[in-house]
Amino acid sequence: MAEAIERGREGFVHVLVRPRGSGFVYDAAEVETTEADIRFAREAGAGGVVIGALDGEGRVDTAAVARFVAAAEGIEVTFHRAIDTVADPLATVDDFVALGVTRILTSGGASTSVEGVDSLRALAQRVSGRLQVMAGGGVRVEDIPALVAAGVDAVHLSARRAVQGAPSGPGGGADAYDITDPIVVRGAVDALRQARTRHSGRR
């Protein structure tokens, strides 16, 4: 993150903040840890944080999210794909707006965003510009036109490819590792721009 900021990308880096792996129901200590990490990311120059928390009933933990937004102190806050496990995502929109969440990252509750495109469309209509909807989950460059047509504001994709590293030997882990593929990134940016131009021309 520090390197990205030094290269003039301040505001570009958004940090995923989670106190641990597994589910999204956090106890008091884990909420405090998340708050501390959000403050650290903000002070280090992050442009935003990506967070999420659910209560024991599988609903958005609005009390925890309110604390996370407060800790962010003005940088952007994205609620991540924990939303895809909520029974009625549309019912959460007003809470997110009131809490000051910037955007929702979601696949529309499906395995991939393109499979959840109808739900994404309904969410974008429900949001009606009050916050952003970011499609994420198995997004491919060729999916972007359909997602833009559904009304999403942004897309999230891994844009990665595997490269072969040197043999690590016994106990050294896998030889291959993932890197960001600039060709995929450029293709996604171009597809997004073209889709937005076509979509705006139809209004």
# chains A, B, ... in the order shown; residues from 1 in each chain; ligands from 1

$ select_by_dssp --residues "segment 21-128 of chain A" --states "helix (DSSP H, G or I)" --output "number ranges by chain"
A: 28-43, 62-72, 81-85, 89-99, 117-127

$ write_last_selection --atoms "C-alpha atoms" --output "PDB file, in the first residue's frame"
ATOM      1  CA  ALA A  28     -16.615  -7.575  20.726  1.00  0.00           C
ATOM      2  CA  ALA A  29     -12.860  -8.147  20.609  1.00  0.00           C
ATOM      3  CA  GLU A  30     -12.960  -8.827  16.867  1.00  0.00           C
ATOM      4  CA  VAL A  31     -14.968  -5.662  16.241  1.00  0.00           C
ATOM      5  CA  GLU A  32     -12.364  -3.687  18.198  1.00  0.00           C
ATOM      6  CA  THR A  33      -9.557  -5.307  16.201  1.00  0.00           C
ATOM      7  CA  THR A  34     -11.305  -4.363  12.968  1.00  0.00           C
ATOM      8  CA  GLU A  35     -11.722  -0.767  14.143  1.00  0.00           C
ATOM      9  CA  ALA A  36      -8.020  -0.555  14.973  1.00  0.00           C
ATOM     10  CA  ASP A  37      -7.047  -1.988  11.589  1.00  0.00           C
ATOM     11  CA  ILE A  38      -9.336   0.480   9.804  1.00  0.00           C
ATOM     12  CA  ARG A  39      -7.671   3.368  11.617  1.00  0.00           C
ATOM     13  CA  PHE A  40      -4.246   1.979  10.714  1.00  0.00           C
ATOM     14  CA  ALA A  41      -5.210   1.679   7.032  1.00  0.00           C
ATOM     15  CA  ARG A  42      -6.596   5.214   7.018  1.00  0.00           C
ATOM     16  CA  GLU A  43      -3.499   6.663   8.670  1.00  0.00           C
ATOM     17  CA  THR A  62     -25.532  -2.373  11.812  1.00  0.00           C
ATOM     18  CA  ALA A  63     -23.961  -1.570  15.185  1.00  0.00           C
ATOM     19  CA  ALA A  64     -20.611  -3.007  14.094  1.00  0.00           C
ATOM     20  CA  VAL A  65     -20.805  -1.343  10.677  1.00  0.00           C
ATOM     21  CA  ALA A  66     -21.528   2.018  12.327  1.00  0.00           C
ATOM     22  CA  ARG A  67     -18.341   1.629  14.362  1.00  0.00           C
ATOM     23  CA  PHE A  68     -16.358   0.708  11.255  1.00  0.00           C
ATOM     24  CA  VAL A  69     -17.648   3.754   9.360  1.00  0.00           C
ATOM     25  CA  ALA A  70     -16.767   5.980  12.322  1.00  0.00           C
ATOM     26  CA  ALA A  71     -13.251   4.523  12.428  1.00  0.00           C
ATOM     27  CA  ALA A  72     -12.870   5.204   8.695  1.00  0.00           C
ATOM     28  CA  ARG A  81     -19.873  -9.958  -0.206  1.00  0.00           C
ATOM     29  CA  ALA A  82     -21.142 -10.875   3.234  1.00  0.00           C
ATOM     30  CA  ILE A  83     -24.231  -9.196   1.761  1.00  0.00           C
ATOM     31  CA  ASP A  84     -24.644 -12.223  -0.512  1.00  0.00           C
ATOM     32  CA  THR A  85     -25.542 -14.375   2.506  1.00  0.00           C
ATOM     33  CA  PRO A  89     -30.327  -7.608   0.504  1.00  0.00           C
ATOM     34  CA  LEU A  90     -32.783  -5.009  -0.807  1.00  0.00           C
ATOM     35  CA  ALA A  91     -33.991  -4.402   2.740  1.00  0.00           C
ATOM     36  CA  THR A  92     -30.470  -3.404   3.809  1.00  0.00           C
ATOM     37  CA  VAL A  93     -30.153  -0.455   1.438  1.00  0.00           C
ATOM     38  CA  ASP A  94     -31.709   2.196   3.684  1.00  0.00           C
ATOM     39  CA  ASP A  95     -29.519   1.076   6.590  1.00  0.00           C
ATOM     40  CA  PHE A  96     -26.371   1.337   4.480  1.00  0.00           C
ATOM     41  CA  VAL A  97     -27.333   4.811   3.273  1.00  0.00           C
ATOM     42  CA  ALA A  98     -28.026   5.973   6.832  1.00  0.00           C
ATOM     43  CA  LEU A  99     -24.755   4.479   8.078  1.00  0.00           C
ATOM     44  CA  VAL A 117     -27.498  -9.988 -12.938  1.00  0.00           C
ATOM     45  CA  ASP A 118     -31.258  -9.782 -12.309  1.00  0.00           C
ATOM     46  CA  SER A 119     -30.679  -9.301  -8.580  1.00  0.00           C
ATOM     47  CA  LEU A 120     -27.988  -6.726  -9.322  1.00  0.00           C
ATOM     48  CA  ARG A 121     -30.449  -4.839 -11.507  1.00  0.00           C
ATOM     49  CA  ALA A 122     -33.052  -4.851  -8.732  1.00  0.00           C
ATOM     50  CA  LEU A 123     -30.456  -3.663  -6.214  1.00  0.00           C
ATOM     51  CA  ALA A 124     -29.288  -0.839  -8.492  1.00  0.00           C
ATOM     52  CA  GLN A 125     -32.891   0.285  -8.896  1.00  0.00           C
ATOM     53  CA  ARG A 126     -33.469   0.143  -5.142  1.00  0.00           C
ATOM     54  CA  VAL A 127     -30.286   2.102  -4.449  1.00  0.00           C
TER      55      VAL A 127
END

$ select_by_dssp --residues "segment 165-199 of chain A" --states "strand (DSSP E or B)" --output "number ranges by chain"
A: 176-180

$ decode --residues "segment 58-69 of chain A" --atoms "N, CA and C atoms" --output "mmCIF file, in the first residue's frame"
data_model
loop_
_atom_site.group_PDB
_atom_site.id
_atom_site.type_symbol
_atom_site.label_atom_id
_atom_site.label_comp_id
_atom_site.auth_asym_id
_atom_site.auth_seq_id
_atom_site.Cartn_x
_atom_site.Cartn_y
_atom_site.Cartn_z
ATOM 1 N N GLY A 58 -27.915 -13.717 10.920
ATOM 2 C CA GLY A 58 -27.568 -13.617 9.506
ATOM 3 C C GLY A 58 -27.947 -12.296 8.868
ATOM 4 N N ARG A 59 -28.247 -11.291 9.684
ATOM 5 C CA ARG A 59 -28.554 -9.957 9.176
ATOM 6 C C ARG A 59 -27.316 -9.073 9.284
ATOM 7 N N VAL A 60 -27.326 -7.953 8.575
ATOM 8 C CA VAL A 60 -26.219 -7.012 8.692
ATOM 9 C C VAL A 60 -26.130 -6.515 10.130
ATOM 10 N N ASP A 61 -24.941 -6.561 10.694
ATOM 11 C CA ASP A 61 -24.709 -6.063 12.055
ATOM 12 C C ASP A 61 -24.506 -4.552 11.958
ATOM 13 N N THR A 62 -25.600 -3.817 12.027
ATOM 14 C CA THR A 62 -25.532 -2.373 11.812
ATOM 15 C C THR A 62 -24.721 -1.665 12.895
ATOM 16 N N ALA A 63 -24.741 -2.194 14.112
ATOM 17 C CA ALA A 63 -23.961 -1.570 15.185
ATOM 18 C C ALA A 63 -22.467 -1.667 14.892
ATOM 19 N N ALA A 64 -22.028 -2.837 14.434
ATOM 20 C CA ALA A 64 -20.611 -3.007 14.094
ATOM 21 C C ALA A 64 -20.238 -2.147 12.889
ATOM 22 N N VAL A 65 -21.098 -2.136 11.875
ATOM 23 C CA VAL A 65 -20.805 -1.343 10.677
ATOM 24 C C VAL A 65 -20.715 0.140 11.021
ATOM 25 N N ALA A 66 -21.587 0.614 11.906
ATOM 26 C CA ALA A 66 -21.528 2.018 12.327
ATOM 27 C C ALA A 66 -20.171 2.334 12.959
ATOM 28 N N ARG A 67 -19.653 1.425 13.748
ATOM 29 C CA ARG A 67 -18.341 1.629 14.362
ATOM 30 C C ARG A 67 -17.234 1.624 13.315
ATOM 31 N N PHE A 68 -17.372 0.760 12.313
ATOM 32 C CA PHE A 68 -16.358 0.708 11.255
ATOM 33 C C PHE A 68 -16.358 2.001 10.440
ATOM 34 N N VAL A 69 -17.547 2.500 10.118
ATOM 35 C CA VAL A 69 -17.648 3.754 9.360
ATOM 36 C C VAL A 69 -17.049 4.908 10.170
#
